[in-house]
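Here's the structure we're looking at; comments come further down.
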Amino acid sequence: MIHVIEEAVGFIPARNTSLTPITVIGTEAIRDGFDGTCIAQALNSREAPGVSELVLNPDAHAGYGAPVGCVMVSPTHIYPGPVGVDIKCSMSLLQTDVHEDDIRDKTVRRALIEAICERTPTGAGKSQRSVAKGRVITEELGRKVCIEGASVEVCEALGIPPEWAERCEDSSHRGHDRTTEALANRLEVLFENNKFKERFPGKMRQLGTYGGGNHFGEAEIVDIVNTPEAKRAAEVFGLKQDHVAFLSHCGSRGLGHDLASNQFKVLEKMFDTWGTPYPADDKKLVYAPLGTQEANDYLDDMAIAANFATVNHMLINALVLEAFQEVLPGTEGHLVYFISHNIARHEKVRDKFQWVHRKGATRAFPAGHFALKETPFYETGHPILLPGNPRDGSMVMAALPGAEKSCYSVNHGAGRSMGRRAAFRNLDQKTVDADFEDYDILHNGRAYPRDEAPDAYKDFQEVLASVEKAGLAHGVARLKARFVIKDASKADD
DNA sequence: ATGTCC
């Protein structure tokens with residue numbers, strides 16, 4: 001079914017042969033590993049109205065309507081499902097000046113884990129502990145967070161260095177008409193709903209928290225790839241060889257979840273009212289044609305959730321830095337980058353502006369891309385932050401011109417190889433925990449959640465090899481985990 | 001992903 005063009009590039013013909021085929025990135029081992037549901041979802045998504053292009057990345061697996069690990073492009077339609085329920089789920093990396101030798105001692109690492117967990121809790125529904133050291137999130141500030149994202153005023157109110165904004169893929173999102181007013185207006189409409197209004201203060205108190213599932217914080221040792229391009233990029237990114245960097249994965253928490261779920265419901269109702277057929281009979285592929293009220297509302301909700309996710313990440317990084325400073329006084333740190341893998345962006349694809357839905361996919365603009373002109377990364381490409389797993393490491397990459405073939409996108413990590421239920425059934429707790437013991441990686445839980453174990457995910461080296469062989473990006477630095485912060489409430493299930 | 005079903 002997958003036709004091979006190069007070692008790690010192939011295609012799947014669309015069911016409707018008048019459509020261009022689905023681009024598939026992945027070596028033979030990766031291609032053989034895609035499950036049937038994932039391929040079916042890719043075919044469904046390809047034939048959905050207004051979709052001009054679909055890319056399946058090596059980390060792809062079955063998702064909500066569209067596969068996690070795909071890129072869906074449309075000049076005319078917006079698709080909430082292929083953005084996902086965790087709007088602007090993202091990665092961020094904080095580089096510290098702490099040397100790896102300074103955290104070799106387990107006692108130091110345990111103290112760091114405690115100091116970080118004290119400020120940035122994990123788990124569903126968790127809010128900030130003691131409102132994270134004096135930070136008070138009033139309703140007014142919460143509104144500003146949603147409307148402005150990481151603006152100077154919001155950053156200053158929350159103790160976030162405002163200069164980190166230039167280290168963001170997008171530090172603030174605007175509404176459907178590219179104004180901030182649209183978001184202010186939309187928020188007023190949302191507040192007319194009593195449930196939203198009641199839940200709003202609680203949602204805002206989740207700023208600076210990780211949540212559950214695959215979200216995590218991880219202390220890493222940086223190992224810069226030994227090539228001239230990698231060294232040059234690492235210097236621009238501000239990476240420090242053999243020093244501790246902190247990698248975070250989280251998104252828009254309960255707010256994004258509520259806004260996304262509500263949009264699915266609203267659009268489904270519209271489809272049913274109008275008798276509009278669902279793409280490939282899948283309700284999860286509901287859409288709104290651009291220019292309609294429904295599309296505008298969705299784009300505004302997406303921007304509000306994205307702004308929240310942005311400030312959430314920035315605050316987590318500020319709190320993590322504070323935690324390091326408490327345990328290791330004098331620690332300095334700066335944000336390397338913050339980049340999403342669950343968002344739709346208006347980008348130039350094949351010479352025209354289109355909505356690029358990245359569902360578990362990371363933007364990959366190479367050096368010289370016009371959109372990077374005003375950023376520090378015009379000469380190198382922006383950092384691409386790819387979590388693998390604690391045992392086998394994570395990776396910082398930078399895009400190559402070849403990324404054009406995947407609509408300037410790469411994967412977002414390793415990708416699941418087994419579902420959560422299968423992981424609980426198939427993986428042995430002792431074996432999972434032994435990995436952490438053997439590799440001397442500490443974590444905050446009593447046991448590591450089996451559904452999040454390294455072996456519940458695909459072979460990260462094979463995924464990375466796919467990206468490199470396809471010519472999409474090159475490695476800049478390897479990240480080696482030293483401790484993990486993660487919701488461990490399901491570890492003993 | 002998610003006060004894991006309003």
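Going by the structure tokens order, chains are called A, B, ..., each with residues numbered from 1, while ligands are numbered from 1 in the order shown.
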
Proximity of chain B to chain A: per-residue shortest pair, 8 Å limit, only C-alpha atoms (C1' of nucleotides), as a Markdown table:
| residue | atom | partner | partner_atom | distance |
| --- | --- | --- | --- | --- |
| B:DA1 | C1' | A:Asp86 | CA | 5.1 |
| B:DT2 | C1' | A:His257 | CA | 6.1 |
| B:DG3 | C1' | A:Gly125 | CA | 5.4 |

Write the residues of the selection above to a file with N, CA, C and O atoms (P, O5', C5', C4', C3', O3' and C1' of nucleotides), as an mmCIF file, in the first residue's frame.
data_model
loop_
_atom_site.group_PDB
_atom_site.id
_atom_site.type_symbol
_atom_site.label_atom_id
_atom_site.label_comp_id
_atom_site.auth_asym_id
_atom_site.auth_seq_id
_atom_site.Cartn_x
_atom_site.Cartn_y
_atom_site.Cartn_z
ATOM 1 P P DA B 1 -1.106 12.185 26.822
ATOM 2 O "O5'" DA B 1 -2.329 13.152 27.154
ATOM 3 C "C5'" DA B 1 -2.023 14.397 27.694
ATOM 4 C "C4'" DA B 1 -3.115 15.359 27.349
ATOM 5 C "C3'" DA B 1 -4.094 15.605 28.495
ATOM 6 O "O3'" DA B 1 -3.662 16.787 29.168
ATOM 7 C "C1'" DA B 1 -5.241 15.145 26.459
ATOM 8 P P DT B 2 -3.974 17.052 30.658
ATOM 9 O "O5'" DT B 2 -5.558 16.893 30.598
ATOM 10 C "C5'" DT B 2 -6.385 17.928 30.108
ATOM 11 C "C4'" DT B 2 -7.771 17.573 30.570
ATOM 12 C "C3'" DT B 2 -7.771 16.780 31.875
ATOM 13 O "O3'" DT B 2 -7.439 17.595 32.978
ATOM 14 C "C1'" DT B 2 -9.265 15.797 30.305
ATOM 15 P P DG B 3 -8.509 18.719 33.715
ATOM 16 O "O5'" DG B 3 -9.244 17.866 34.833
ATOM 17 C "C5'" DG B 3 -10.495 17.376 34.534
ATOM 18 C "C4'" DG B 3 -11.005 16.703 35.766
ATOM 19 C "C3'" DG B 3 -12.449 16.296 35.543
ATOM 20 O "O3'" DG B 3 -12.610 15.049 36.208
ATOM 21 C "C1'" DG B 3 -12.318 17.683 37.453
#

All residues 12 Å or closer to region 274-285 of chain A, only C-alpha atoms (C1' of nucleotides), same chain fewer than 2 positions away omitted, as a PyMOL selection string | chain A and resi 15-16+40-51+63-67+72+77-85+260-261+263-272+287-288

If we count only C-alpha atoms (C1' of nucleotides), what is near Ser171 (chain A) at a cut-off of 7 Å, once residues fewer than 3 positions away on the same chain are taken out, given as a list in words?
-> Gly149, Ala150, Ala165, Cys168 and Thr310 of chain A

Gap from CA of Gly123 (chain A) to CA of His173 (chain A) - Å, one decimal =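 Taking CA of Gly123 (chain A) and CA of His173 (chain A), their separation equals 26.6 Å.
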
From a DSSP pass on the backbone, collect the residues of region 135-368 of chain A flagged as alpha helix (DSSP H) and hand them back as number ranges by chain.
-> A: 139-148, 152-158, 180-191, 194-204, 228-237, 253-274, 293-327

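The residue set within 10 Å of Arg420 (chain A), counting only C-alpha atoms (C1' of nucleotides) and dropping same-chain residues fewer than 5 places from it, reads Gly213, Arg425, Asn426, Pro449, Arg450, Asp451, Glu452, Ala453 and Ala456 of chain A.
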
Got time to write the residues from that selection, N, CA, C and O atoms, as a JSON list (two decimals), in the first residue's frame?
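Okay, this is what ended up in out12.json:
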[["chain", "number", "residue", "atom", "x", "y", "z"],
["A", 213, "GLY", "N", -0.97, 12.17, 31.75],
["A", 213, "GLY", "CA", -0.70, 11.50, 30.48],
["A", 213, "GLY", "C", 0.76, 11.54, 30.11],
["A", 213, "GLY", "O", 1.62, 11.24, 30.93],
["A", 425, "ARG", "N", -1.01, -4.10, 30.07],
["A", 425, "ARG", "CA", -1.13, -5.56, 30.00],
["A", 425, "ARG", "C", 0.22, -6.22, 29.70],
["A", 425, "ARG", "O", 0.57, -7.23, 30.29],
["A", 426, "ASN", "N", 0.97, -5.62, 28.76],
["A", 426, "ASN", "CA", 2.16, -6.30, 28.23],
["A", 426, "ASN", "C", 3.46, -5.99, 28.97],
["A", 426, "ASN", "O", 4.39, -6.79, 28.91],
["A", 449, "PRO", "N", 4.91, 5.05, 35.44],
["A", 449, "PRO", "CA", 3.68, 4.57, 34.78],
["A", 449, "PRO", "C", 4.00, 3.71, 33.54],
["A", 449, "PRO", "O", 4.68, 4.16, 32.64],
["A", 450, "ARG", "N", 3.49, 2.48, 33.54],
["A", 450, "ARG", "CA", 3.85, 1.53, 32.47],
["A", 450, "ARG", "C", 3.37, 1.99, 31.10],
["A", 450, "ARG", "O", 4.00, 1.71, 30.08],
["A", 451, "ASP", "N", 2.21, 2.70, 31.08],
["A", 451, "ASP", "CA", 1.69, 3.15, 29.78],
["A", 451, "ASP", "C", 2.56, 4.27, 29.20],
["A", 451, "ASP", "O", 2.37, 4.68, 28.06],
["A", 452, "GLU", "N", 3.51, 4.76, 29.99],
["A", 452, "GLU", "CA", 4.43, 5.79, 29.53],
["A", 452, "GLU", "C", 5.86, 5.26, 29.45],
["A", 452, "GLU", "O", 6.81, 6.03, 29.24],
["A", 453, "ALA", "N", 6.03, 3.96, 29.61],
["A", 453, "ALA", "CA", 7.36, 3.36, 29.61],
["A", 453, "ALA", "C", 8.02, 3.53, 28.23],
["A", 453, "ALA", "O", 7.32, 3.58, 27.21],
["A", 456, "ALA", "N", 6.69, 1.44, 25.46],
["A", 456, "ALA", "CA", 5.34, 1.68, 24.94],
["A", 456, "ALA", "C", 5.42, 2.61, 23.71],
["A", 456, "ALA", "O", 4.41, 2.90, 23.08]]

Interatomic distance (Å, one decimal) between CA of Val311 (chain A) and CA of Leu207 (chain A) | 7.3 Å

Could you give me the residues within region 101-231 of chain A that DSSP places in strand (DSSP E), as a list in words?
->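 Taking region 101-231 of chain A and keeping strand (DSSP E) only, one gets Phe216, Gly217, Glu218, Ala219, Glu220, Ile221, Val222, Asp223 and Ile224 of chain A.
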
CA of Arg350 (chain A) and CA of Ala470 (chain A) are how many Å apart?
->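 Value for the CA of Arg350 (chain A)-CA of Ala470 (chain A) distance: 18.7 Å.
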
If we count only C-alpha atoms (C1' of nucleotides), what is near Asp97 (chain A) at a cut-off of 9 Å, once residues fewer than 6 positions away on the same chain are taken out, given as a PDB file with all heavy atoms, in the first residue's frame?
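Output file selection_30.pdb follows:
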ATOM      1  N   LYS A 240      24.561  24.397  25.933  1.00  0.00           N
ATOM      2  CA  LYS A 240      25.859  24.277  26.603  1.00  0.00           C
ATOM      3  C   LYS A 240      26.244  22.824  26.779  1.00  0.00           C
ATOM      4  O   LYS A 240      25.578  22.083  27.524  1.00  0.00           O
ATOM      5  CB  LYS A 240      25.807  24.943  27.988  1.00  0.00           C
ATOM      6  CG  LYS A 240      25.998  26.458  27.965  1.00  0.00           C
ATOM      7  CD  LYS A 240      25.693  27.041  29.346  1.00  0.00           C
ATOM      8  CE  LYS A 240      26.903  26.954  30.267  1.00  0.00           C
ATOM      9  NZ  LYS A 240      27.802  28.115  30.151  1.00  0.00           N
ATOM     10  N   HIS A 243      26.093  20.447  30.091  1.00  0.00           N
ATOM     11  CA  HIS A 243      25.348  21.173  31.119  1.00  0.00           C
ATOM     12  C   HIS A 243      23.886  20.733  31.123  1.00  0.00           C
ATOM     13  O   HIS A 243      23.412  20.104  30.179  1.00  0.00           O
ATOM     14  CB  HIS A 243      25.476  22.684  30.910  1.00  0.00           C
ATOM     15  CG  HIS A 243      26.824  23.208  31.327  1.00  0.00           C
ATOM     16  ND1 HIS A 243      27.983  22.881  30.653  1.00  0.00           N
ATOM     17  CD2 HIS A 243      27.196  24.013  32.356  1.00  0.00           C
ATOM     18  CE1 HIS A 243      29.011  23.459  31.246  1.00  0.00           C
ATOM     19  NE2 HIS A 243      28.568  24.163  32.286  1.00  0.00           N
ATOM     20  N   VAL A 244      23.222  21.084  32.205  1.00  0.00           N
ATOM     21  CA  VAL A 244      21.843  20.623  32.397  1.00  0.00           C
ATOM     22  C   VAL A 244      20.862  21.526  31.650  1.00  0.00           C
ATOM     23  O   VAL A 244      20.911  22.753  31.786  1.00  0.00           O
ATOM     24  CB  VAL A 244      21.480  20.605  33.901  1.00  0.00           C
ATOM     25  CG1 VAL A 244      20.028  20.181  34.108  1.00  0.00           C
ATOM     26  CG2 VAL A 244      22.431  19.694  34.670  1.00  0.00           C
ATOM     27  N   ALA A 245      20.004  20.906  30.867  1.00  0.00           N
ATOM     28  CA  ALA A 245      18.893  21.622  30.234  1.00  0.00           C
ATOM     29  C   ALA A 245      17.610  20.949  30.701  1.00  0.00           C
ATOM     30  O   ALA A 245      17.610  19.756  31.023  1.00  0.00           O
ATOM     31  CB  ALA A 245      19.004  21.571  28.723  1.00  0.00           C
ATOM     32  N   THR A 331      22.155  29.695  40.118  1.00  0.00           N
ATOM     33  CA  THR A 331      21.908  29.086  38.806  1.00  0.00           C
ATOM     34  C   THR A 331      21.320  30.117  37.843  1.00  0.00           C
ATOM     35  O   THR A 331      20.416  30.874  38.200  1.00  0.00           O
ATOM     36  CB  THR A 331      20.917  27.906  38.930  1.00  0.00           C
ATOM     37  OG1 THR A 331      21.502  26.896  39.735  1.00  0.00           O
ATOM     38  CG2 THR A 331      20.573  27.333  37.553  1.00  0.00           C
ATOM     39  N   GLU A 332      21.880  30.148  36.636  1.00  0.00           N
ATOM     40  CA  GLU A 332      21.294  30.999  35.605  1.00  0.00           C
ATOM     41  C   GLU A 332      20.736  30.110  34.501  1.00  0.00           C
ATOM     42  O   GLU A 332      21.205  28.985  34.296  1.00  0.00           O
ATOM     43  CB  GLU A 332      22.352  31.946  35.041  1.00  0.00           C
ATOM     44  CG  GLU A 332      22.695  33.060  36.028  1.00  0.00           C
ATOM     45  CD  GLU A 332      23.685  34.050  35.456  1.00  0.00           C
ATOM     46  OE1 GLU A 332      23.541  34.391  34.270  1.00  0.00           O
ATOM     47  OE2 GLU A 332      24.586  34.455  36.206  1.00  0.00           O
ATOM     48  N   GLY A 333      19.747  30.642  33.802  1.00  0.00           N
ATOM     49  CA  GLY A 333      19.158  29.858  32.737  1.00  0.00           C
ATOM     50  C   GLY A 333      18.432  30.730  31.730  1.00  0.00           C
ATOM     51  O   GLY A 333      18.070  31.866  32.041  1.00  0.00           O
TER      52      GLY A 333
END
